[in-house]
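Undergrad: For reference, this is work20.cif, and it has mmCIF, C-alpha atoms.
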```cif
data_structure
#
loop_
_atom_site.label_atom_id
_atom_site.label_comp_id
_atom_site.auth_asym_id
_atom_site.auth_seq_id
_atom_site.Cartn_x
_atom_site.Cartn_y
_atom_site.Cartn_z
CA MET A 1 -7.63 159.04 -4.05
CA ASP A 2 -8.71 156.85 -1.21
CA GLY A 3 -12.37 157.71 -1.85
CA VAL A 4 -12.05 156.95 -5.55
CA SER A 5 -10.34 153.58 -4.91
CA LYS A 6 -13.02 152.60 -2.45
CA LYS A 7 -15.75 153.45 -4.97
CA THR A 8 -14.04 151.44 -7.68
CA VAL A 9 -13.60 148.49 -5.36
CA LYS A 10 -17.27 148.61 -4.31
CA SER A 11 -18.40 148.89 -7.89
CA GLY A 12 -16.23 145.93 -8.90
CA VAL A 13 -17.54 143.82 -6.04
CA SER A 14 -21.13 144.69 -6.83
CA HIS A 15 -20.53 143.95 -10.51
CA ALA A 16 -19.06 140.54 -9.64
CA ILE A 17 -21.98 139.81 -7.34
CA HIS A 18 -24.44 140.75 -10.10
CA GLN A 19 -22.64 138.47 -12.54
CA LYS A 20 -22.76 135.57 -10.11
CA LEU A 21 -26.44 136.19 -9.47
CA ARG A 22 -27.10 136.27 -13.22
CA GLN A 23 -25.15 133.03 -13.68
CA ALA A 24 -27.10 131.44 -10.85
CA GLU A 25 -30.39 132.58 -12.41
CA ARG A 26 -29.29 131.25 -15.80
CA GLY A 27 -28.34 127.92 -14.21
CA ALA A 28 -31.68 127.71 -12.43
CA ARG A 29 -33.53 128.52 -15.66
CA GLY A 30 -31.52 125.89 -17.49
CA ALA A 31 -32.30 123.30 -14.80
CA ARG A 32 -36.00 124.18 -14.97
CA ARG A 33 -35.94 123.82 -18.75
CA LYS A 34 -34.27 120.42 -18.43
CA VAL A 35 -36.82 119.24 -15.89
CA ARG A 36 -39.68 120.50 -18.02
CA PHE A 37 -38.17 118.89 -21.09
CA THR A 38 -37.76 115.51 -19.42
CA VAL A 39 -41.35 115.64 -18.12
CA THR A 40 -42.72 116.56 -21.53
CA ALA A 41 -40.49 113.92 -23.13
CA ARG A 42 -41.92 111.25 -20.89
CA GLN A 43 -45.53 112.40 -21.21
CA GLY A 44 -45.56 113.34 -24.88
CA CYS A 45 -42.99 110.97 -26.31
CA ALA A 46 -44.44 111.18 -29.77
CA GLU A 47 -43.64 114.94 -29.94
CA ALA A 48 -40.22 114.79 -28.30
CA ALA A 49 -39.19 111.90 -30.55
CA LEU A 50 -38.66 114.33 -33.41
CA LEU A 51 -36.08 116.26 -31.36
CA ILE A 52 -34.33 113.73 -29.14
CA PRO A 53 -35.06 110.11 -30.13
CA LEU A 54 -32.76 108.73 -27.42
CA PHE A 55 -35.11 109.81 -24.63
CA CYS A 56 -38.14 108.31 -26.36
CA ALA A 57 -38.22 104.73 -25.06
CA PRO A 58 -41.63 103.13 -25.69
CA LEU A 59 -43.79 103.70 -22.63
CA PRO A 60 -46.71 101.44 -21.64
CA GLY A 61 -49.89 102.41 -23.40
CA THR A 62 -48.15 104.09 -26.35
CA ARG A 63 -49.01 103.32 -29.96
CA ALA A 64 -45.73 101.54 -30.61
CA LEU A 65 -46.36 99.04 -27.83
CA ARG A 66 -49.88 98.45 -29.09
CA LEU A 67 -48.56 97.77 -32.55
CA GLN A 68 -46.18 95.23 -31.05
CA ARG A 69 -48.94 93.53 -29.07
CA VAL A 70 -51.34 93.12 -32.00
CA PRO A 71 -49.23 90.55 -33.92
CA LEU A 72 -48.51 88.67 -30.71
CA GLN A 73 -52.22 88.42 -29.87
CA ARG A 74 -52.98 87.25 -33.39
CA ALA A 75 -50.29 84.59 -33.17
CA GLU A 76 -51.67 83.41 -29.81
CA GLU A 77 -55.21 83.26 -31.20
CA MET A 78 -54.03 81.29 -34.22
CA ALA A 79 -52.10 78.88 -32.00
CA ILE A 80 -55.18 78.37 -29.82
CA SER A 81 -57.60 78.01 -32.74
CA ARG A 82 -55.55 75.28 -34.42
CA PRO A 83 -56.21 72.60 -31.76
CA GLN A 84 -59.83 73.72 -31.59
CA GLN A 85 -60.20 73.14 -35.33
CA SER A 86 -58.27 69.88 -35.30
CA LYS A 87 -60.48 68.36 -32.59
CA HIS A 88 -63.52 68.57 -34.94
CA TRP A 89 -61.99 66.27 -37.57
CA PRO A 90 -62.42 62.99 -35.59
CA PHE A 91 -66.03 63.89 -34.86
CA MET A 92 -66.69 64.61 -38.53
CA GLY A 93 -65.14 61.26 -39.47
CA ILE A 94 -67.35 59.46 -36.94
CA MET A 95 -70.47 61.15 -38.29
CA ILE A 96 -69.51 60.27 -41.87
CA LEU A 97 -69.04 56.61 -40.93
CA THR A 98 -72.44 56.62 -39.22
CA ALA A 99 -74.01 58.18 -42.31
CA VAL A 100 -72.52 55.38 -44.43
CA VAL A 101 -73.55 52.48 -42.16
CA ILE A 102 -77.23 53.46 -41.98
CA PRO A 103 -77.81 53.43 -45.79
CA LEU A 104 -76.00 50.10 -46.09
CA LEU A 105 -78.28 48.48 -43.53
CA TYR A 106 -81.31 50.13 -45.09
CA TYR A 107 -80.34 48.85 -48.54
CA ALA A 108 -79.75 45.26 -47.42
CA LEU A 109 -82.65 44.83 -45.02
CA LEU A 110 -85.40 47.07 -46.43
CA TRP A 111 -84.66 47.80 -50.07
CA LYS A 112 -83.60 44.21 -50.77
CA ALA A 113 -86.15 42.86 -48.24
CA GLY A 114 -83.40 40.93 -46.45
CA ASN A 115 -82.64 38.73 -49.47
CA LEU A 116 -79.01 37.61 -49.50
CA ILE A 117 -79.44 35.50 -52.63
CA GLU A 118 -81.70 36.83 -55.34
CA LEU A 119 -81.55 34.84 -58.56
CA PRO A 120 -84.17 33.82 -61.12
CA ASN A 121 -84.13 30.23 -59.82
CA LEU A 122 -83.25 30.85 -56.16
CA ARG A 123 -84.24 33.42 -53.55
CA ILE A 124 -83.06 33.10 -49.95
CA GLY A 125 -83.35 35.78 -47.32
CA PHE A 126 -84.49 36.50 -43.80
CA TYR A 127 -88.15 36.42 -44.86
CA ASN A 128 -87.98 34.49 -48.13
CA PHE A 129 -86.99 30.92 -48.88
CA CYS A 130 -87.89 30.14 -52.47
CA LEU A 131 -86.57 27.18 -54.46
CA TRP A 132 -87.03 26.31 -58.09
CA ASN A 133 -89.84 23.84 -58.70
CA GLU A 134 -89.40 21.93 -61.94
CA ASP A 135 -92.98 20.66 -61.91
CA ILE A 136 -94.52 24.11 -62.11
CA ASP A 137 -91.44 25.64 -63.76
CA SER A 138 -91.24 28.58 -61.33
CA LEU A 139 -90.08 29.58 -57.87
CA GLN A 140 -91.91 28.03 -54.97
CA CYS A 141 -91.65 29.80 -51.61
CA HIS A 142 -91.79 27.71 -48.45
CA GLN A 143 -93.02 28.67 -45.01
CA PHE A 144 -93.06 27.00 -41.61
CA PRO A 145 -93.62 24.11 -40.89
CA GLU A 146 -92.27 23.21 -44.32
CA LEU A 147 -88.96 24.87 -43.48
CA GLU A 148 -88.61 22.74 -40.36
CA ALA A 149 -88.87 19.66 -42.56
CA LEU A 150 -85.99 21.07 -44.59
CA GLY A 151 -83.87 21.38 -41.43
CA ILE A 152 -84.30 25.13 -40.74
CA SER A 153 -84.87 26.06 -37.12
CA GLN A 154 -87.75 28.47 -36.55
CA ALA A 155 -86.22 29.83 -33.34
CA GLY A 156 -82.83 30.32 -35.00
CA LEU A 157 -84.35 32.21 -37.93
CA ALA A 158 -86.41 34.37 -35.58
CA LEU A 159 -83.32 35.27 -33.57
CA ALA A 160 -81.45 36.04 -36.78
CA ARG A 161 -84.20 38.43 -37.85
CA LEU A 162 -84.21 40.06 -34.43
CA GLY A 163 -80.46 40.55 -34.56
CA VAL A 164 -80.12 42.15 -37.98
CA TYR A 165 -83.21 44.35 -37.82
CA GLY A 166 -82.50 45.30 -34.21
CA SER A 167 -79.06 46.41 -35.36
CA LEU A 168 -80.68 48.72 -37.90
CA VAL A 169 -83.00 50.25 -35.28
CA LEU A 170 -80.19 50.88 -32.76
CA THR A 171 -77.92 52.39 -35.41
CA LEU A 172 -80.61 54.95 -36.21
CA PHE A 173 -80.34 56.24 -32.61
CA VAL A 174 -76.55 56.75 -32.76
CA PRO A 175 -76.24 60.17 -34.49
CA LEU A 176 -78.37 62.12 -32.00
CA PRO A 177 -76.41 61.30 -28.80
CA LEU A 178 -73.15 61.79 -30.69
CA LEU A 179 -74.20 65.27 -31.77
CA LEU A 180 -75.50 66.21 -28.32
CA ALA A 181 -72.36 64.91 -26.64
CA HIS A 182 -70.14 66.89 -28.99
CA CYS A 183 -72.11 70.12 -28.52
CA ASN A 184 -72.66 69.86 -24.75
CA GLY A 185 -69.43 68.10 -23.80
CA ASP A 186 -71.41 65.45 -21.91
CA GLU A 187 -69.51 62.19 -21.56
CA GLY A 188 -72.67 60.30 -20.55
CA GLU A 189 -74.35 60.94 -23.89
CA TRP A 190 -71.19 59.87 -25.69
CA GLN A 191 -71.12 56.64 -23.67
CA LEU A 192 -74.75 56.07 -24.64
CA ALA A 193 -73.80 56.28 -28.32
CA VAL A 194 -70.92 53.87 -27.69
CA GLY A 195 -73.37 51.45 -26.08
CA PHE A 196 -75.72 51.66 -29.05
CA LEU A 197 -72.86 50.94 -31.43
CA ALA A 198 -71.58 48.01 -29.38
CA VAL A 199 -75.00 46.36 -29.11
CA SER A 200 -75.73 47.03 -32.78
CA SER A 201 -72.46 45.43 -33.85
CA VAL A 202 -73.07 42.36 -31.69
CA LEU A 203 -76.65 41.98 -32.92
CA LEU A 204 -75.68 42.25 -36.56
CA ALA A 205 -72.85 39.75 -36.24
CA SER A 206 -74.93 37.26 -34.25
CA GLY A 207 -77.97 37.57 -36.54
CA LEU A 208 -75.91 37.11 -39.68
CA GLY A 209 -74.08 34.18 -38.13
CA LEU A 210 -77.30 32.45 -37.10
CA PHE A 211 -78.79 32.92 -40.56
CA LEU A 212 -75.73 31.50 -42.32
CA SER A 213 -75.60 28.53 -39.96
CA ASN A 214 -79.26 27.69 -40.68
CA MET A 215 -79.00 28.17 -44.43
CA TRP A 216 -75.56 26.70 -45.06
CA LYS A 217 -76.98 23.78 -47.10
CA TRP A 218 -78.33 26.07 -49.81
CA LEU A 219 -75.79 28.87 -49.68
CA ARG A 220 -72.76 29.19 -51.92
CA LEU A 221 -70.25 31.99 -51.72
CA SER A 222 -70.56 32.68 -55.44
CA LEU A 223 -74.35 32.98 -55.15
CA LEU A 224 -74.39 35.67 -52.46
CA GLY A 225 -75.70 38.98 -53.77
CA PRO A 226 -75.22 42.68 -53.01
CA GLY A 227 -77.38 42.47 -49.90
CA PHE A 228 -74.89 40.14 -48.23
CA LEU A 229 -71.99 42.38 -49.26
CA ALA A 230 -73.77 45.40 -47.82
CA LEU A 231 -74.28 43.64 -44.48
CA VAL A 232 -70.65 42.52 -44.30
CA LEU A 233 -69.44 46.05 -45.10
CA ALA A 234 -71.82 47.51 -42.52
CA GLN A 235 -70.46 45.08 -39.91
CA ALA A 236 -66.88 46.11 -40.64
CA LEU A 237 -67.76 49.81 -40.47
CA LEU A 238 -69.63 49.30 -37.20
CA ILE A 239 -66.52 47.78 -35.62
CA LEU A 240 -64.40 50.65 -36.96
CA LEU A 241 -66.96 53.18 -35.74
CA LEU A 242 -67.02 51.61 -32.29
CA MET A 243 -63.24 51.81 -32.01
CA ALA A 244 -63.25 55.45 -33.16
CA THR A 245 -65.89 56.52 -30.64
CA VAL A 246 -63.99 54.82 -27.82
CA MET A 247 -60.69 56.48 -28.76
CA PHE A 248 -61.90 60.00 -29.67
CA HIS A 249 -64.24 60.91 -26.84
CA PRO A 250 -65.25 64.60 -26.55
CA ARG A 251 -63.94 67.05 -23.95
CA THR A 252 -65.97 67.23 -20.79
CA LYS A 253 -67.19 70.49 -19.27
CA LYS A 254 -64.33 70.52 -16.76
CA ASP A 255 -61.78 70.20 -19.53
CA LYS A 256 -63.47 73.00 -21.45
CA LEU A 257 -63.37 75.27 -18.39
CA LYS A 258 -59.67 74.55 -17.93
CA LEU A 259 -59.04 75.27 -21.61
CA GLU A 260 -60.96 78.56 -21.44
CA SER A 261 -59.05 79.64 -18.34
CA CYS A 262 -55.76 78.88 -20.12
CA GLN A 263 -56.89 80.85 -23.14
CA THR A 264 -57.83 83.90 -21.05
CA TYR A 265 -54.51 83.65 -19.22
CA LEU A 266 -52.62 83.60 -22.51
CA LYS A 267 -54.60 86.57 -23.85
CA VAL A 268 -53.84 88.58 -20.73
#
```
Once you've parsed the file, please lay out its structure as structure tokens.

TA:
Amino acid sequence: MDGVSKKTVKSGVSHAIHQKLRQAERGARGARRKVRFTVTARQGCAEAALLIPLFCAPLPGTRALRLQRVPLQRAEEMAISRPQQSKHWPFMGIMILTAVVIPLLYYALLWKAGNLIELPNLRIGFYNFCLWNEDIDSLQCHQFPELEALGISQAGLALARLGVYGSLVLTLFVPLPLLLAHCNGDEGEWQLAVGFLAVSSVLLASGLGLFLSNMWKWLRLSLLGPGFLALVLAQALLILLLMATVMFHPRTKKDKLKLESCQTYLKV
């Protein structure tokens, strides 16, 4: 009996040991499976998301994060492109004003030959002074020294011609430095265009003033023709153009570099 009891006890102990070993092996296998599953869940989140979506947080570099970044980058690019587009509008307005001033001066000084009054019985301009002669029943044009006898200063008329036609010449040089300054971001070229506009405005105003002061005896406001109106309008637009170029100067190269660095920082 003692031998049988000992054998049963040994067999029971060995059976319990085997069960514990099996449980330990099962626990180790389960732990390995968990570790493997967590590793595969982190590496291949797109596959594990079908089984356990809670463990599938968006990792850097995944497709979900890229899809989230794309609208943000587009919004940043749109926000950056808006000020870049808006800064071109003042320049376009300045160029349009310049394109209007030049034809007005051309019309008054070249097309109309500088005539401010052009009537069948009277023609007065920077190069013409014709009065109606009743004896010959036609216009009679006077030159110096006859004009000096009528009280017209030769020096004053010469300065008036120099002023108005010099204004036309200087205005023709304005568009090129404006365009170069806008494209290159050079403030010196922009200041050159501002100087041309300032001198042109002063020359036109002084030349027109000298002419009116010399011809005031024969001029009437109701007799002034389209040439005079074109010169007055060109003078007003020159002043407006000068103010616009002073206020809306282009960005310099340093400002552009700072803006580009800010844009790259925002994109990153």

Undergrad: Using the chain letters and numbers from the file, give me the residues hit by the PyMOL selection byres ((chain A and resi 176) around 12), as an MDAnalysis selection string.

TA: chainID A and resid 95 98:99 170:175 177:183 189:190 192:194 196

Undergrad: Take the PyMOL selection byres ((chain A and resi 149-151) around 12), apply it to the structure above, and return the hits as JSON, numbers by chain.

TA: {"A": [129, 131, 142, 143, 144, 145, 146, 147, 148, 152, 153, 154, 155, 156, 157, 213, 214, 215, 216, 217, 218]}

Undergrad: Quote the spacing between atom CA of Asn133 of chain A and atom CA of Leu224 of chain A in Å to one decimal place.

TA: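 Going from atom CA of Asn133 of chain A over to atom CA of Leu224 of chain A covers 20.4 Å.
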
Undergrad: At what distance in Å, to one decimal, does atom CA of Gly209 of chain A lie from atom CA of Asn121 of chain A?

TA: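 These two atoms are separated by 24.2 Å.
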
Undergrad: Enter the distance from atom CA of Leu119 of chain A to atom CA of Arg161 of chain A, in Å, rounded to one decimal.

TA: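 Atom CA of Arg161 of chain A lies at a distance of 21.2 Å from atom CA of Leu119 of chain A.
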
Undergrad: Hey, could you pull the box centre and edge lengths for segment 207-225 of chain A, axis-aligned, 3 Å padding per side, all listed atoms, to one decimal in Å, as AutoDock Vina command-line options?

TA:
```
--center_x -74.8 --center_y 31.4 --center_z -46.0 --size_x 15.0 --size_y 21.2 --size_z 24.9
```

Undergrad: From the set A:Gln140, A:Ser201, A:Asn184, A:Asn128, which residue has the shortest atom-to-atom contact distance to Leu241 of chain A, counting all atoms listed in the file?

TA: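 Closest to Leu241 of chain A, using all atoms listed in the file: A:Ser201.
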
Undergrad: Closest to Ala113 of chain A among A:Val164, A:Leu159, A:Val100, A:Ala244, using only C-alpha atoms?

TA: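 Looking at the shortest contact to Ala113 of chain A, the residue is A:Val164.
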
Undergrad: Name every residue that the PyMOL selection byres ((chain A and resi 115) around 9) selects in this structure, writing the answer as a ChimeraX atom specification with chains first and numbers rising.

TA: /A:108-109,112-114,116-118,123-129,225,227-228

Undergrad: For Val101 of chain A, which of A:Met243, A:Val169, A:Leu238, A:Ala158 is the closest residue, counting only C-alpha atoms?

TA: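 Ranking A:Met243, A:Val169, A:Leu238, A:Ala158 by distance to Val101 of chain A, first place goes to A:Leu238.
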